[in-house]
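To start, the structure under review is shown below, and the notes come after it.
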Amino acid sequence: MTDFEALKQDWLGHLRHERRLSPKTLEAYARDLGQFTGFLRGHLDAEPTLAALRALKPADLRAFLGSRRRDGAGNRTLMRQLAALRSFARFGERSGALSAAAFAATRGPRLGRGLPRPLDAGAATAVTRADSRAGEDRPDWVLARDAAVLSLLYGSGLRISEALGLRRSQAPAGPGEALTVLGKGGKTRMVPVLPVVVAAIDAYLAQCPWRLAPEGPLFVGVRGGALSPRIIQLAVEGLRGALGLPASATPHALRHSFATHLLGRGGDLRAIQELLGHASLSTTQIYTRIDSARLLAAYDAAHPRAAGAARRPDAPQ
């Protein structure tokens with residue numbers, strides 16, 4: 001085994017046992033480094049060694065990214081590959097085997113930020129109703145549980161991790177009560193709970209067959225353990241087919257819907273920022289772009305001089 005291969009195996013072991021990365025991420029990182037190794041064989045006209053890696057310049061790394069781009073890799077793939085290479089270089093640098101300077105100095109491609117894709121109010125409401133899944137062969141309490149979780153995402157703007165992180169003792173006792181939510185970065189915030197959301201949680205608790213400990217999870221799986229986010233994702237996937245919703249209809253789209261619908265009804269942007277738990281107002285401002293895009297689409301479709309209106313059969317010539 002070459003010194004390069006030995007370091008590679010040590011790095012993957014570190015990611016697996018100490019960083020505890022998922023198997024899929026490990027597989028992707030190993031593939032990324034393998035593609036880089038293959039590129040270097042041709043680029044250096046020799047088998048890569050640690051000495052050769054220490055001599056690399058940012059131009060060499062840009063050449064690798066360019067070759068991957070020509071192979072059809074997109075910006076997100078290139079960013080992930082650069083992240084994998086930086087991780088490998090930092091790991092090698094800690095033992096003195098490598099230098100991470102060239103890897104750190106190489107800039108990746110810019111990622112364009114797409115607009116969130118919220119549901120309209122009717123679709124979002126339908127997703128949160130237990131009776132929308134009445135035809136499924138699932139226990140009533142499970143349907144009530146999923147409806148309660150989804151109601152929190154749309155009614156209070158929670159992330160799915162925040163909803164599933166709630167303890168039984170945090171269940172709202174009645175309308176008008178607020179929830180204290182633990183968000184990203186360990187930050188807490190207060191969010192209101194609508195009466196319809198309280199009713200959904202009460203319906204779930206009344207039917208849940210498990211005894212829920214006060215400091216245990218509020219939402220549990222069919223065996224009484226903590227509920228996996230994947231279960232809620234699968235529930236929404238089923239609802240997409242039942243309700244004829246687009247592929248963009250996901251649990252997180254309900255949080256987008258919460259913000260978009262509040263803004264569309266005159267909600268204050270700063271207040272929405274607080275409700276969502278965004279650290280920066282600029283993150284929340286993306287919802288104003290959605291509102292502007294809708295206005296422009298309506299204008300284009302309806303105004304007599306707009307391009308969209310000119311394509312209508314009844315448009316004046």
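Order determines the names: the first chain of the structure tokens is A, the second B, and so forth; residues in each chain are numbered 1 upward, and ligands are numbered 1 upward as they are shown.
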
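Using only C-alpha atoms, the contacts of stretch 81-86 of chain A at a cut-off of 9 Å, with sequence neighbours closer than 6 positions omitted, comprise Ala28, Tyr29, Ala30, Arg31, Asp32, Leu33, Phe36, Leu61, Leu65, Ala100, Phe103, Ala104, Thr106, Arg107 and Gly108 of chain A.
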
Give me a file of those residues, with all heavy atoms, as a CSV table (one decimal), in the first residue's frame.
chain,number,residue,atom,x,y,z
A,28,ALA,N,-19.7,8.6,-1.0
A,28,ALA,CA,-19.5,9.8,-1.9
A,28,ALA,C,-18.1,10.3,-1.7
A,28,ALA,O,-17.4,10.6,-2.7
A,28,ALA,CB,-20.6,10.8,-1.6
A,29,TYR,N,-17.7,10.5,-0.5
A,29,TYR,CA,-16.3,11.1,-0.2
A,29,TYR,C,-15.2,10.1,-0.8
A,29,TYR,O,-14.3,10.6,-1.4
A,29,TYR,CB,-16.1,11.3,1.2
A,29,TYR,CG,-16.6,12.7,1.7
A,29,TYR,CD1,-17.6,13.3,1.1
A,29,TYR,CD2,-16.1,13.3,2.8
A,29,TYR,CE1,-18.1,14.5,1.5
A,29,TYR,CE2,-16.5,14.5,3.3
A,29,TYR,CZ,-17.5,15.1,2.6
A,29,TYR,OH,-17.9,16.4,3.0
A,30,ALA,N,-15.4,8.8,-0.6
A,30,ALA,CA,-14.4,7.9,-1.1
A,30,ALA,C,-14.4,7.9,-2.6
A,30,ALA,O,-13.3,7.9,-3.3
A,30,ALA,CB,-14.7,6.5,-0.6
A,31,ARG,N,-15.6,8.1,-3.3
A,31,ARG,CA,-15.6,8.2,-4.7
A,31,ARG,C,-15.0,9.5,-5.2
A,31,ARG,O,-14.3,9.5,-6.2
A,31,ARG,CB,-17.1,8.1,-5.2
A,31,ARG,CG,-17.3,8.1,-6.7
A,31,ARG,CD,-18.7,7.8,-7.0
A,31,ARG,NE,-19.7,8.7,-6.5
A,31,ARG,CZ,-20.5,8.5,-5.5
A,31,ARG,NH1,-20.6,7.3,-5.0
A,31,ARG,NH2,-21.4,9.4,-5.1
A,32,ASP,N,-15.2,10.6,-4.5
A,32,ASP,CA,-14.6,11.8,-4.9
A,32,ASP,C,-13.1,11.8,-4.8
A,32,ASP,O,-12.4,12.2,-5.8
A,32,ASP,CB,-15.1,12.9,-3.9
A,32,ASP,CG,-16.6,13.2,-4.0
A,32,ASP,OD1,-17.2,12.9,-5.1
A,32,ASP,OD2,-17.2,13.7,-3.0
A,33,LEU,N,-12.6,11.2,-3.8
A,33,LEU,CA,-11.1,11.1,-3.7
A,33,LEU,C,-10.6,10.1,-4.8
A,33,LEU,O,-9.5,10.4,-5.3
A,33,LEU,CB,-10.7,10.6,-2.3
A,33,LEU,CG,-9.2,10.7,-2.0
A,33,LEU,CD1,-8.6,12.1,-2.3
A,33,LEU,CD2,-8.9,10.3,-0.6
A,36,PHE,N,-10.4,12.0,-7.9
A,36,PHE,CA,-9.2,12.9,-7.9
A,36,PHE,C,-7.9,12.2,-8.1
A,36,PHE,O,-7.1,12.7,-8.9
A,36,PHE,CB,-9.2,13.6,-6.5
A,36,PHE,CG,-8.1,14.7,-6.4
A,36,PHE,CD1,-8.1,15.7,-7.3
A,36,PHE,CD2,-7.2,14.6,-5.3
A,36,PHE,CE1,-7.1,16.7,-7.1
A,36,PHE,CE2,-6.2,15.6,-5.2
A,36,PHE,CZ,-6.2,16.6,-6.1
A,61,LEU,N,-5.8,22.1,-8.8
A,61,LEU,CA,-7.2,21.7,-8.3
A,61,LEU,C,-8.3,22.3,-9.2
A,61,LEU,O,-9.3,21.7,-9.4
A,61,LEU,CB,-7.4,22.2,-6.8
A,61,LEU,CG,-6.4,21.6,-5.8
A,61,LEU,CD1,-6.4,22.3,-4.5
A,61,LEU,CD2,-6.8,20.1,-5.6
A,65,LEU,N,-11.4,20.3,-11.1
A,65,LEU,CA,-12.8,20.7,-11.2
A,65,LEU,C,-13.2,21.0,-12.6
A,65,LEU,O,-14.4,20.6,-12.9
A,65,LEU,CB,-13.0,22.0,-10.3
A,65,LEU,CG,-12.7,21.9,-8.8
A,65,LEU,CD1,-12.8,23.2,-8.1
A,65,LEU,CD2,-13.6,20.8,-8.2
A,100,ALA,N,-2.7,21.8,3.6
A,100,ALA,CA,-4.0,22.0,3.1
A,100,ALA,C,-4.1,23.4,2.5
A,100,ALA,O,-5.2,23.8,2.0
A,100,ALA,CB,-5.0,22.0,4.3
A,103,PHE,N,-5.6,23.6,-1.1
A,103,PHE,CA,-7.0,23.1,-1.1
A,103,PHE,C,-7.9,24.3,-0.5
A,103,PHE,O,-9.0,24.5,-1.0
A,103,PHE,CB,-7.2,21.9,-0.3
A,103,PHE,CG,-6.5,20.7,-0.9
A,103,PHE,CD1,-5.2,20.5,-0.6
A,103,PHE,CD2,-7.2,19.8,-1.7
A,103,PHE,CE1,-4.5,19.4,-1.2
A,103,PHE,CE2,-6.5,18.7,-2.2
A,103,PHE,CZ,-5.2,18.5,-2.0
A,104,ALA,N,-7.4,24.9,0.5
A,104,ALA,CA,-8.2,26.0,1.1
A,104,ALA,C,-8.3,27.2,0.2
A,104,ALA,O,-9.3,28.0,0.2
A,104,ALA,CB,-7.6,26.4,2.5
A,106,THR,N,-8.5,27.2,-3.0
A,106,THR,CA,-9.2,27.0,-4.3
A,106,THR,C,-10.7,27.3,-4.0
A,106,THR,O,-11.3,26.7,-3.2
A,106,THR,CB,-9.1,25.5,-4.7
A,106,THR,OG1,-7.7,25.2,-4.8
A,106,THR,CG2,-9.8,25.2,-6.0
A,107,ARG,N,-11.2,28.2,-4.8
A,107,ARG,CA,-12.6,28.6,-4.7
A,107,ARG,C,-13.5,27.7,-5.6
A,107,ARG,O,-13.2,27.3,-6.7
A,107,ARG,CB,-12.8,30.0,-5.1
A,107,ARG,CG,-12.1,31.0,-4.3
A,107,ARG,CD,-12.3,32.4,-4.7
A,107,ARG,NE,-13.8,32.8,-4.7
A,107,ARG,CZ,-14.2,34.0,-5.0
A,107,ARG,NH1,-13.4,34.9,-5.5
A,107,ARG,NH2,-15.5,34.2,-4.9
A,108,GLY,N,-14.6,27.3,-5.0
A,108,GLY,CA,-15.5,26.4,-5.7
A,108,GLY,C,-16.5,27.3,-6.5
A,108,GLY,O,-16.5,28.5,-6.4

(request) Quick one: everything within 7 Å of A:Tyr154, counting only C-alpha atoms, minus sequence neighbours fewer than 6 positions away in the same chain. Send it as a PyMOL selection string. (result) chain A and resi 254-255+257-258

(message) Could you check the closest approach to A:Ala126 for each of A:Arg240, A:Leu12, A:Leu50, A:Leu269 and tell me which residue wins, using only C-alpha atoms?
(response) A:Arg240

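If you look at atom CA of A:Glu18 and atom CA of A:Gly165, they are 24.4 Å away from each other.
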
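From atom CA of A:Arg189 back to atom CA of A:Ala147, the distance works out to 22.9 Å.
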
Hey, what does DSSP flag as strand (DSSP E or B) within stretch 88-311 of chain A? Can you give it to me as an mmCIF file with N, CA, C and O atoms, in the first residue's frame?
data_model
loop_
_atom_site.group_PDB
_atom_site.id
_atom_site.type_symbol
_atom_site.label_atom_id
_atom_site.label_comp_id
_atom_site.auth_asym_id
_atom_site.auth_seq_id
_atom_site.Cartn_x
_atom_site.Cartn_y
_atom_site.Cartn_z
ATOM 1 N N ARG A 167 -40.867 17.621 23.548
ATOM 2 C CA ARG A 167 -41.137 16.649 24.609
ATOM 3 C C ARG A 167 -42.635 16.629 24.934
ATOM 4 O O ARG A 167 -43.365 17.590 24.657
ATOM 5 N N ALA A 178 -48.056 29.358 23.812
ATOM 6 C CA ALA A 178 -46.933 29.373 22.882
ATOM 7 C C ALA A 178 -46.005 28.205 23.176
ATOM 8 O O ALA A 178 -45.988 27.669 24.286
ATOM 9 N N LEU A 179 -45.260 27.805 22.161
ATOM 10 C CA LEU A 179 -44.272 26.741 22.308
ATOM 11 C C LEU A 179 -42.876 27.349 22.385
ATOM 12 O O LEU A 179 -42.573 28.310 21.685
ATOM 13 N N THR A 180 -42.037 26.768 23.223
ATOM 14 C CA THR A 180 -40.625 27.116 23.227
ATOM 15 C C THR A 180 -39.905 26.058 22.410
ATOM 16 O O THR A 180 -39.901 24.877 22.767
ATOM 17 N N VAL A 181 -39.310 26.481 21.302
ATOM 18 C CA VAL A 181 -38.724 25.549 20.337
ATOM 19 C C VAL A 181 -37.213 25.688 20.356
ATOM 20 O O VAL A 181 -36.679 26.805 20.395
ATOM 21 N N LEU A 182 -36.525 24.544 20.333
ATOM 22 C CA LEU A 182 -35.076 24.543 20.228
ATOM 23 C C LEU A 182 -34.713 24.436 18.758
ATOM 24 O O LEU A 182 -34.955 23.422 18.113
ATOM 25 N N THR A 188 -33.227 29.048 21.177
ATOM 26 C CA THR A 188 -34.648 28.840 21.453
ATOM 27 C C THR A 188 -35.455 30.036 20.976
ATOM 28 O O THR A 188 -34.948 31.159 20.910
ATOM 29 N N ARG A 189 -36.701 29.778 20.636
ATOM 30 C CA ARG A 189 -37.613 30.855 20.262
ATOM 31 C C ARG A 189 -39.021 30.457 20.664
ATOM 32 O O ARG A 189 -39.323 29.271 20.865
ATOM 33 N N MET A 190 -39.874 31.449 20.784
ATOM 34 C CA MET A 190 -41.284 31.227 21.122
ATOM 35 C C MET A 190 -42.105 31.308 19.841
ATOM 36 O O MET A 190 -41.925 32.221 19.035
ATOM 37 N N VAL A 191 -42.986 30.331 19.644
ATOM 38 C CA VAL A 191 -43.867 30.345 18.483
ATOM 39 C C VAL A 191 -45.309 30.155 18.949
ATOM 40 O O VAL A 191 -45.573 29.406 19.892
ATOM 41 N N PRO A 192 -46.255 30.839 18.316
ATOM 42 C CA PRO A 192 -47.662 30.672 18.689
ATOM 43 C C PRO A 192 -48.206 29.342 18.178
ATOM 44 O O PRO A 192 -47.690 28.769 17.217
ATOM 45 N N PRO A 217 -40.276 11.909 24.075
ATOM 46 C CA PRO A 217 -40.755 12.583 22.866
ATOM 47 C C PRO A 217 -42.273 12.707 22.841
ATOM 48 O O PRO A 217 -42.993 11.797 23.277
ATOM 49 N N VAL A 220 -44.299 9.738 18.811
ATOM 50 C CA VAL A 220 -43.612 8.455 18.850
ATOM 51 C C VAL A 220 -44.002 7.605 17.646
ATOM 52 O O VAL A 220 -45.035 7.818 17.007
ATOM 53 N N ALA A 226 -38.827 7.174 19.534
ATOM 54 C CA ALA A 226 -38.832 8.484 18.877
ATOM 55 C C ALA A 226 -39.206 8.329 17.398
ATOM 56 O O ALA A 226 -38.799 7.369 16.737
#

(request) May I have the residues within 12 Å of stretch 228-233 of chain A as a PyMOL selection string, using only C-alpha atoms and disregarding those fewer than 2 positions away in the same chain? (result) chain A and resi 127-128+142-151+153+159-165+217+219-226+235-240+247-254

(request) Report the distance between atom CA of A:Lys184 and atom CA of A:Gly157 in Å, rounded to one decimal place. (result) 13.7 Å

(request) Could you find all residues in stretch 34-97 of chain A that DSSP calls helix (DSSP H, G or I) from the backbone, and write them as a PyMOL selection string? (result) chain A and resi 34-44+50-54+58-70+75-94
